[in-house]
Structure formats: structure tokens, C-alpha cells
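Asks: Pasting a structure below so you can have a look.
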Amino acid sequence: MDPQRHVRRDELMRDPYPLYARARRADGLTYVPEFGAWLVARDADVREVLRRPDVFSSANAVRGGVLPSPAALAVLAEGDGGGPRGRVVVTADGPAHRRLRAPLLRGLAPARVAAVLPYVTERAEALVDAFADDGRVEVMGAYAMRLPGQVIGRVLGFDPADVPLIVRGGHRTEQLLHRPSDEDEQVAAARDMVTLRRLLDRYVRERYAAPRDDLCSELVTSLVRPDDGEEGEPGELTLDQRRELVAHLNNFLLAGHLTTTALIGTALLHLARHPDQWRLVCERPERMVPAAIEETARYDTALQGFRRVTTRPATLAGTELPAGAELLIGFGSAGRDGARHPRPDVFDITRRSAARHIAFGLGAHACPGAQLAREQVRVTLELFARRFPGLRIDPDRPPVTMRPTLIHRAPEALHLTW
């Protein structure tokens with residue numbers, strides 16, 4: 001991709017909403033060269049795609065917009081042992097998708113989420129205690145990028161000492177696949193990704209040998225069907241099995257902490273920008289905190305879009321698509337569709353239609369971790385409302401800039417004061 005196209009693409013991703021509005025008004029679908037895909041912008045069309053996975057496959061769901069350099073690819077191949085890594089839950093369809101998704105649904109069942117909530121509250125309080133007396137904070141680095149990683153590490157049963165490496169590896173994955181950078185930076189990112197994969201491989205082998213009561217063990221024991229060894233002992237994991245489990249764990253980590261980090265950041269951003277609505281949250285947290293979460297997800301969702309590819313010729317919104325056509329499914333655009341949400345470009349936590357959004361997906365690919373994400377944002381907003389009722393954007397800091405990504409849309413930095 002040429003430098004000018006990178007610039008245009010970054011500008012679109014920092015503020016995609018004007019593009020979405022034009023695409024919703026257009027007849028049929030709109031092809032966006034910067035994304036190399038047809039944009040599915042209207043709520044009804046997004047829902048149609050999500051309900052027809054046999055026609056609109058998830059095989060390319062998280063394909064990055066940047067091709068790493070040969071040197072970075074060589075690092076990744078060496079760290080992976082070579083060969084295919086297999087599909088993960090968001091890129092699988094049909095029976096393969098159901099097999100990969102089933103242990104996630106069990107591991108993130110309501111009882112499991114409820115069991116981790118005391119830990120969520122404990123860690124949130126500890127993070128806030130570290131900056132509460134300062135009167136100001138850059139909340140992305142001090143809080144939003146920390147809490148979700150700690151929580152997902154706890155759910156998986158990982159050592160807390162490994163969490164910083166896990167969080168770093170997740171951000172480096174997104175950086176390498178979605179942001180242009182020079183070769184040295186790409187190679188460094190690839191090395192961090194390999195370090196994370198090796199850590200996950202160690203957990204896979206340990207949990208396979210000695211399962212525990214955690215989600216990592218649930219994934220490993222559910223997705224591997226080994227031949228029984230002597231006296232019921234499991235046989236050795238094959239390299240392909242290990243690759244699949246590592247890829248599956250890695251994908252779950254990315255979805256589990258980066259998306260929640262982004263949702264925490266955008267919720268605090270928009271509430272701090274609307275003091276009257278922040279006041280409502282502080283006065284009636286039991287009612288307005290859930291409403292604020294849903295309105296944030298509708299208005300400026302963390303996951304703006306996933307890709308799909310047609311498995312056969314199809315017609316969508318009057319546009320004829322050949323087999324192999326690339327689509328970008330605009331969750332962020334659907335949330336601003338006036339046909340479903342009156343006054344769609346207004347952030348209003350008192351609106352009644354917010355809960356009808358599809359920011360967490362729909363149907364077979366609805367996010368299994370949606371409730372865990374909502375609970376972390378709920379704990380955050382209740383805590384900040386109690387501790388910082390005077391919360392506002394810090395006027396002495398530069399204006400907020402959004403990260404140039406559609407995968408985990410969030411402020412690059414968010415300076416708050418109280």
C-alpha cells in the first residue's frame with residue numbers, strides 16, 4: 001500500500017462516521033478502495049450478512065490491512081515451527097466454528113463471570129487507588145489497558161506475572177497486522193508475538209498434562225481428543241494440535257482484553273465530554289450505568305467492523321457480488337443507522353433504542369465474552385462515579401485523538417481530571 005493510501009486509510013479509521021453516513025445513503029453497497037472491500041453500512045444489511053454464514057463466510061474476518069515485511073514474516077514462521085496454524089473461532093464457519101465456540105460458551109457462562117467479579121472489583125479499586133490523589137490521570141495507560149488483561153488472565157488461569165507480556169503481545173499483534181511501520185519495528189513486534197506464542201504453548205502443554213478449574217484447561221481438554229495412553233493417561237499433543245490451541249488462546253486473549261480496553265476508554269471519553277450525562281450516571285448509577293454501556297457500544301463501538309467473504313455469487317442491498325467478494329461488516333455504521341436509532345449521531349444514555357444495537361455481533365458469531373466485557377465497564381463506571389463525580393476532560397492536555405483502527409477503536413490517550 002502506497003504512503004498516500006495509508007494516510008487516507010488512517011484518516012478514515014480515525015473518523016469513519018462520515019463515510020458510513022454516505023454509504024447508508026447510497027444505493028446498494030459502497031466499495032471502499034482503502035479497505036479493499038464492499039462496506040455493508042445499513043443495520044438491516046449487516047443483520048442479513050450475520051444471519052447467512054453459509055453465504056458470507058468468516059474465513060477472512062480479521063485479515064489485517066498491512067502485509068508484514070519478509071523479515072517479520074520469517075521471525076513469525078520460525079517461532080511457529082512452520083506450517084499452517086488452523087482457524088480460530090472468529091474465522092471458522094459451520095461445525096468447525098461450533099466446536100471452537102462451545103468451550104468458550106461454557107467457560108464464560110454467567111456463573112463463571114459472577115465468580116470473577118470480586119477479583120474485577122479488587123483490581124479496579126487497586127488501579128484507581130494508585131492515581132486517585134493526583135487529581136488527573138492518563139486513563140488509558142493507567143487503567144483501561146491494565147484491568148482487562150488482568151481479568152482475562154485470571155479467567156484463563158494464568159500467572160499474574162505473565163499478564164504484562166500477554167497484554168504487550170496483544171497490542172504488538174494489532175500493530176504488526178493493522179499499522180504500517182518500518183522493518184525494524186515490525187521485526188521487534190514479530191519477536192514479541194513469538195514470545196507470547198511460546199508462553200501460550202507452555203500453558204497448553206501444562207494444562208493438557210494437568211488440567212485445572214480454569215478456562216485454559218477447558219479449551220485444551222475440549223478441543224483435543226487424544227488416543228488414550230496407558231492407564232488412561234493422555235497421549236502426546238501433536239504439533240498441529242498445539243498450533244491450533246495456541247492460535248485459539250491468542251485470539252481469545254486479543255478479543256478478551258483489547259476490545260474491553262477500548263470500550264472502557266470510549267465510555268469514559270463520551271461521558272466526560274457530556275457532563276450532564278455523567279451527572280446522571282453519578283446520581284443514578286444502578287439505572288444509568290447499564291444504559292451508558294449500551295449507548296457507548298451503539299454510538300462508538302470498540303469493534304467497528306469485521307470482514308466477510310462470499311462463498312458463492314450473491315446479491316446484497318441490490319449489489320451483485322461474485323464468489324470471493326470481500327465485505328467489511330460495519331457494526332459501527334449499523335449503530336448510527338437512523339432507521340433503527342432516532343437521532344443516531346447524538347450520544348444520549350437515556351435513549352430507549354440503544355440496547356437494540358449489534359455491537360457485540362449477532363447469531364452464530366455473537367460475542368461469547370460480551371457479559372464479561374459489560375461487567376468490567378460496569379464496575380469501572382460505578383467506581384469512577386463514586387470516586388470522581390467531577391470527572392472531565394483535562395483542558396490542559398492536547399485534544400483527544402482516536403487510534404487509526406477499526407478493530408479496537410479507542411482514544412490513543414485520554415487525559416482526565418476531577
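By order of appearance in the C-alpha cells: chains A, B, ..., then residues from 1 within every chain, and ligands from 1 in the order shown.
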Fewer than 3 positions away in the same chain doesn't count, so skip those; otherwise give me all residues within 9 Å of A:Gln371, counting only C-alpha atoms, as a list in words.

Replies: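 Listed by chain and then number, they are Leu108, Ala109, Pro110, Val113, Cys367, Pro368, Arg374, Glu375 and Gln376 of chain A.
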
Asks: Just want the 6 Å neighbourhood of A:Thr310, counted on only C-alpha atoms, with same-chain residues fewer than 2 positions away dropped. Output as a PyMOL selection string.

Replies: chain A and resi 55-56+312+323-325

Asks: Between atom CA of A:Val246 and atom CA of A:Thr259, what distance in Å does the model show, to one decimal?

Replies: 19.4 Å

Asks: List the spatial neighbours of A:Tyr119 as an mmCIF file with N, CA, C and O atoms, in the first residue's frame - criterion: any atom at most 9 Å away, only C-alpha atoms, same-chain residues fewer than 5 positions off excluded.

Replies:
```cif
data_model
loop_
_atom_site.group_PDB
_atom_site.id
_atom_site.type_symbol
_atom_site.label_atom_id
_atom_site.label_comp_id
_atom_site.auth_asym_id
_atom_site.auth_seq_id
_atom_site.Cartn_x
_atom_site.Cartn_y
_atom_site.Cartn_z
ATOM 1 N N ALA A 124 -9.798 -3.253 40.042
ATOM 2 C CA ALA A 124 -10.206 -1.907 39.642
ATOM 3 C C ALA A 124 -9.923 -0.909 40.764
ATOM 4 O O ALA A 124 -9.397 0.189 40.524
ATOM 5 N N VAL A 151 -7.932 -9.303 34.208
ATOM 6 C CA VAL A 151 -9.149 -10.106 34.350
ATOM 7 C C VAL A 151 -9.120 -11.325 33.436
ATOM 8 O O VAL A 151 -9.419 -12.449 33.866
ATOM 9 N N ARG A 154 -6.868 -13.911 34.728
ATOM 10 C CA ARG A 154 -7.471 -14.621 35.858
ATOM 11 C C ARG A 154 -8.457 -15.690 35.371
ATOM 12 O O ARG A 154 -8.462 -16.815 35.866
#
```

Asks: If you take only C-alpha atoms and a cut-off of 12 Å, which residues of stretch 13-106 of chain A touch stretch 170-173 of chain A, and what are their nearest atom pairs and distances in Å to one decimal, in chain and number order, as JSON lines?

Replies:
```
{"residue": "A:Val62", "atom": "CA", "partner": "A:Thr173", "partner_atom": "CA", "distance": 11.6}
{"residue": "A:Arg63", "atom": "CA", "partner": "A:Thr173", "partner_atom": "CA", "distance": 11.9}
{"residue": "A:Gly64", "atom": "CA", "partner": "A:Thr173", "partner_atom": "CA", "distance": 9.9}
{"residue": "A:Val66", "atom": "CA", "partner": "A:Thr173", "partner_atom": "CA", "distance": 11.4}
{"residue": "A:Pro68", "atom": "CA", "partner": "A:Thr173", "partner_atom": "CA", "distance": 10.9}
{"residue": "A:Ala72", "atom": "CA", "partner": "A:Thr173", "partner_atom": "CA", "distance": 11.6}
{"residue": "A:Leu76", "atom": "CA", "partner": "A:Thr173", "partner_atom": "CA", "distance": 10.9}
```

Asks: Write the selection just made, keeping N, CA and C atoms, as a PDB file, in the first residue's frame?

Replies:
```pdb
ATOM      1  N   VAL A  62     -10.646 -11.395  10.341  1.00  0.00           N
ATOM      2  CA  VAL A  62      -9.687 -10.484  10.974  1.00  0.00           C
ATOM      3  C   VAL A  62      -8.442 -10.279  10.114  1.00  0.00           C
ATOM      4  N   ARG A  63      -8.580 -10.468   8.812  1.00  0.00           N
ATOM      5  CA  ARG A  63      -7.429 -10.232   7.950  1.00  0.00           C
ATOM      6  C   ARG A  63      -6.934  -8.804   8.113  1.00  0.00           C
ATOM      7  N   GLY A  64      -5.647  -8.659   8.388  1.00  0.00           N
ATOM      8  CA  GLY A  64      -5.083  -7.337   8.603  1.00  0.00           C
ATOM      9  C   GLY A  64      -4.995  -6.531   7.330  1.00  0.00           C
ATOM     10  N   VAL A  66      -2.322  -4.716   6.643  1.00  0.00           N
ATOM     11  CA  VAL A  66      -0.906  -4.491   6.365  1.00  0.00           C
ATOM     12  C   VAL A  66      -0.221  -5.844   6.201  1.00  0.00           C
ATOM     13  N   PRO A  68       3.069  -7.793   6.631  1.00  0.00           N
ATOM     14  CA  PRO A  68       4.376  -7.632   7.277  1.00  0.00           C
ATOM     15  C   PRO A  68       5.517  -7.845   6.290  1.00  0.00           C
ATOM     16  N   ALA A  72       9.930  -9.796   9.042  1.00  0.00           N
ATOM     17  CA  ALA A  72       8.988 -10.046  10.131  1.00  0.00           C
ATOM     18  C   ALA A  72       8.290 -11.386   9.945  1.00  0.00           C
ATOM     19  N   LEU A  76       8.132 -14.737  12.453  1.00  0.00           N
ATOM     20  CA  LEU A  76       6.887 -15.406  12.830  1.00  0.00           C
ATOM     21  C   LEU A  76       6.914 -16.885  12.451  1.00  0.00           C
TER      22      LEU A  76
END
```

Asks: Let me make sure I understand: among A:Leu381, A:Val309, A:Val116, A:Leu147, which one has the smallest atom-to-atom distance to A:Met288 if we use only C-alpha atoms?

Replies: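 Under the stated criterion, the closest residue is A:Leu381.
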
Asks: Just want the 6 Å neighbourhood of stretch 262-276 of chain A, counted on only C-alpha atoms, with same-chain residues fewer than 3 positions away dropped. Output as an MDAnalysis selection string.

Replies: chainID A and resid 259 279 296 302 377 392:393 408:410

Asks: Please save C-alpha atoms of the selected residues as a tab-separated table (two decimals), in the first residue's frame.

Replies:
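Below you can see again.tsv, which holds the result:
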```tsv
chain	number	residue	atom	x	y	z
A	259	THR	CA	-11.91	-4.89	22.98
A	279	ARG	CA	-24.09	13.67	36.34
A	296	THR	CA	-21.42	3.69	24.17
A	302	ALA	CA	-14.91	-0.79	20.01
A	377	VAL	CA	-17.22	-1.48	32.20
A	392	ARG	CA	-13.97	15.87	32.96
A	393	ILE	CA	-11.55	16.08	30.06
A	408	HIS	CA	-10.27	-1.81	18.73
A	409	ARG	CA	-11.40	1.80	18.37
A	410	ALA	CA	-10.31	3.85	21.39
```

Asks: Taking only stretch 14-47 of chain A into account, list the residues labelled alpha helix (DSSP H) by DSSP (computed from the backbone), as a PyMOL selection string.

Replies: chain A and resi 14+17-25+43-47

Asks: Print the selection's residues with C-alpha atoms to a file, as a PDB file, in the first residue's frame.

Replies:
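So the final result, stored in again-v6.pdb, reads:
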```
ATOM      1  CA  ARG A  14      -9.848   7.818  12.978  1.00  0.00           C
ATOM      2  CA  TYR A  17     -18.636   8.077  10.549  1.00  0.00           C
ATOM      3  CA  PRO A  18     -18.887  10.483   7.564  1.00  0.00           C
ATOM      4  CA  LEU A  19     -18.016   7.550   5.276  1.00  0.00           C
ATOM      5  CA  TYR A  20     -20.655   5.418   6.996  1.00  0.00           C
ATOM      6  CA  ALA A  21     -23.303   8.113   6.527  1.00  0.00           C
ATOM      7  CA  ARG A  22     -22.570   8.381   2.790  1.00  0.00           C
ATOM      8  CA  ALA A  23     -22.650   4.617   2.413  1.00  0.00           C
ATOM      9  CA  ARG A  24     -26.012   4.323   4.175  1.00  0.00           C
ATOM     10  CA  ARG A  25     -27.493   6.949   1.821  1.00  0.00           C
ATOM     11  CA  ASP A  43     -28.253  -2.054  10.071  1.00  0.00           C
ATOM     12  CA  ALA A  44     -30.639  -4.309   8.138  1.00  0.00           C
ATOM     13  CA  ASP A  45     -27.919  -5.346   5.668  1.00  0.00           C
ATOM     14  CA  VAL A  46     -25.423  -6.071   8.459  1.00  0.00           C
ATOM     15  CA  ARG A  47     -28.006  -8.295  10.137  1.00  0.00           C
TER      16      ARG A  47
END
```

Asks: Could you pull the residues within 10 Å of A:Glu185, counting only C-alpha atoms, minus those fewer than 3 positions along the same chain, as an MDAnalysis selection string?

Replies: chainID A and resid 72 172 175:176 180:182 188:191

Asks: Taking only C-alpha atoms into account, which of A:Glu48, A:Glu183, A:Glu11, A:Glu283 comes nearest A:Ala71?

Replies: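 Ranking A:Glu48, A:Glu183, A:Glu11, A:Glu283 by distance to A:Ala71, first place goes to A:Glu183.
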
Asks: Using only C-alpha atoms, which protein or nucleic acid residues come within 9 Å of A:Leu249? Drop anything in the same chain fewer than 2 positions from it, and give the result as a ChimeraX atom specification.

Replies: /A:88,200,204,216,219,244-247,251-254

Asks: Can you write out the residues you just picked, keeping all heavy atoms, as a CSV table (one decimal), in the first residue's frame?

Replies:
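Final file, selection37.csv:
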```
chain,number,residue,atom,x,y,z
A,88,VAL,N,-9.3,-20.1,13.9
A,88,VAL,CA,-9.8,-19.8,15.2
A,88,VAL,C,-11.3,-19.5,15.2
A,88,VAL,O,-11.9,-19.5,14.1
A,88,VAL,CB,-9.0,-18.6,15.8
A,88,VAL,CG1,-7.6,-18.9,16.0
A,88,VAL,CG2,-9.2,-17.3,14.9
A,200,LEU,N,2.1,-19.2,25.5
A,200,LEU,CA,0.8,-19.9,25.4
A,200,LEU,C,1.0,-21.4,25.2
A,200,LEU,O,0.3,-22.2,25.7
A,200,LEU,CB,0.0,-19.3,24.3
A,200,LEU,CG,-0.4,-17.8,24.5
A,200,LEU,CD1,-1.3,-17.3,23.3
A,200,LEU,CD2,-1.2,-17.6,25.8
A,204,VAL,N,-0.5,-24.5,27.3
A,204,VAL,CA,-1.2,-25.6,26.6
A,204,VAL,C,-0.7,-26.9,27.1
A,204,VAL,O,-1.5,-27.8,27.5
A,204,VAL,CB,-1.2,-25.4,25.1
A,204,VAL,CG1,-1.5,-26.7,24.4
A,204,VAL,CG2,-2.0,-24.3,24.6
A,216,CYS,N,-8.4,-22.0,30.5
A,216,CYS,CA,-7.4,-22.5,29.6
A,216,CYS,C,-7.5,-24.1,29.6
A,216,CYS,O,-7.4,-24.7,28.5
A,216,CYS,CB,-6.0,-22.1,30.2
A,216,CYS,SG,-4.6,-22.7,29.2
A,219,LEU,N,-10.5,-25.1,27.4
A,219,LEU,CA,-10.2,-25.1,26.0
A,219,LEU,C,-9.4,-26.2,25.6
A,219,LEU,O,-9.7,-26.9,24.6
A,219,LEU,CB,-9.5,-23.7,25.6
A,219,LEU,CG,-10.3,-22.5,25.8
A,219,LEU,CD1,-9.4,-21.2,25.6
A,219,LEU,CD2,-11.5,-22.4,24.9
A,244,GLU,N,-3.0,-25.2,16.9
A,244,GLU,CA,-4.4,-24.7,16.9
A,244,GLU,C,-4.8,-24.2,18.3
A,244,GLU,O,-5.4,-23.1,18.3
A,244,GLU,CB,-5.3,-25.9,16.6
A,244,GLU,CG,-6.8,-25.5,16.6
A,244,GLU,CD,-7.8,-26.6,16.4
A,244,GLU,OE1,-7.8,-27.6,17.2
A,244,GLU,OE2,-8.6,-26.6,15.5
A,245,LEU,N,-4.4,-24.8,19.3
A,245,LEU,CA,-4.7,-24.3,20.7
A,245,LEU,C,-4.1,-23.0,21.0
A,245,LEU,O,-4.7,-22.1,21.6
A,245,LEU,CB,-4.3,-25.4,21.7
A,245,LEU,CG,-5.2,-26.6,21.7
A,245,LEU,CD1,-4.5,-27.7,22.5
A,245,LEU,CD2,-6.5,-26.3,22.3
A,246,VAL,N,-2.8,-22.8,20.6
A,246,VAL,CA,-2.1,-21.5,20.8
A,246,VAL,C,-2.8,-20.4,20.0
A,246,VAL,O,-3.1,-19.3,20.5
A,246,VAL,CB,-0.6,-21.6,20.4
A,246,VAL,CG1,0.0,-20.3,20.3
A,246,VAL,CG2,0.1,-22.5,21.4
A,247,ALA,N,-3.2,-20.7,18.7
A,247,ALA,CA,-3.9,-19.7,17.9
A,247,ALA,C,-5.2,-19.4,18.6
A,247,ALA,O,-5.6,-18.2,18.6
A,247,ALA,CB,-4.1,-20.2,16.5
A,251,ASN,N,-6.2,-15.7,20.0
A,251,ASN,CA,-7.4,-14.9,19.5
A,251,ASN,C,-8.3,-14.6,20.7
A,251,ASN,O,-8.8,-13.5,20.7
A,251,ASN,CB,-8.1,-15.8,18.5
A,251,ASN,CG,-9.4,-15.2,18.0
A,251,ASN,OD1,-10.5,-15.5,18.4
A,251,ASN,ND2,-9.3,-14.2,17.1
A,252,PHE,N,-8.5,-15.5,21.6
A,252,PHE,CA,-9.3,-15.2,22.7
A,252,PHE,C,-8.8,-14.1,23.6
A,252,PHE,O,-9.5,-13.2,24.1
A,252,PHE,CB,-9.5,-16.5,23.6
A,252,PHE,CG,-10.4,-16.2,24.8
A,252,PHE,CD1,-11.7,-16.1,24.7
A,252,PHE,CD2,-9.8,-16.2,26.1
A,252,PHE,CE1,-12.5,-15.9,25.9
A,252,PHE,CE2,-10.5,-16.0,27.2
A,252,PHE,CZ,-11.9,-15.8,27.1
A,253,LEU,N,-7.5,-14.1,23.8
A,253,LEU,CA,-6.8,-13.0,24.5
A,253,LEU,C,-7.0,-11.7,23.9
A,253,LEU,O,-7.3,-10.7,24.5
A,253,LEU,CB,-5.3,-13.3,24.7
A,253,LEU,CG,-5.0,-14.4,25.7
A,253,LEU,CD1,-3.5,-14.8,25.6
A,253,LEU,CD2,-5.2,-13.9,27.1
A,254,LEU,N,-6.8,-11.6,22.6
A,254,LEU,CA,-7.0,-10.3,21.8
A,254,LEU,C,-8.4,-9.8,22.0
A,254,LEU,O,-8.6,-8.6,22.3
A,254,LEU,CB,-6.7,-10.5,20.4
A,254,LEU,CG,-5.2,-10.8,20.0
A,254,LEU,CD1,-5.0,-11.1,18.5
A,254,LEU,CD2,-4.3,-9.7,20.5
```
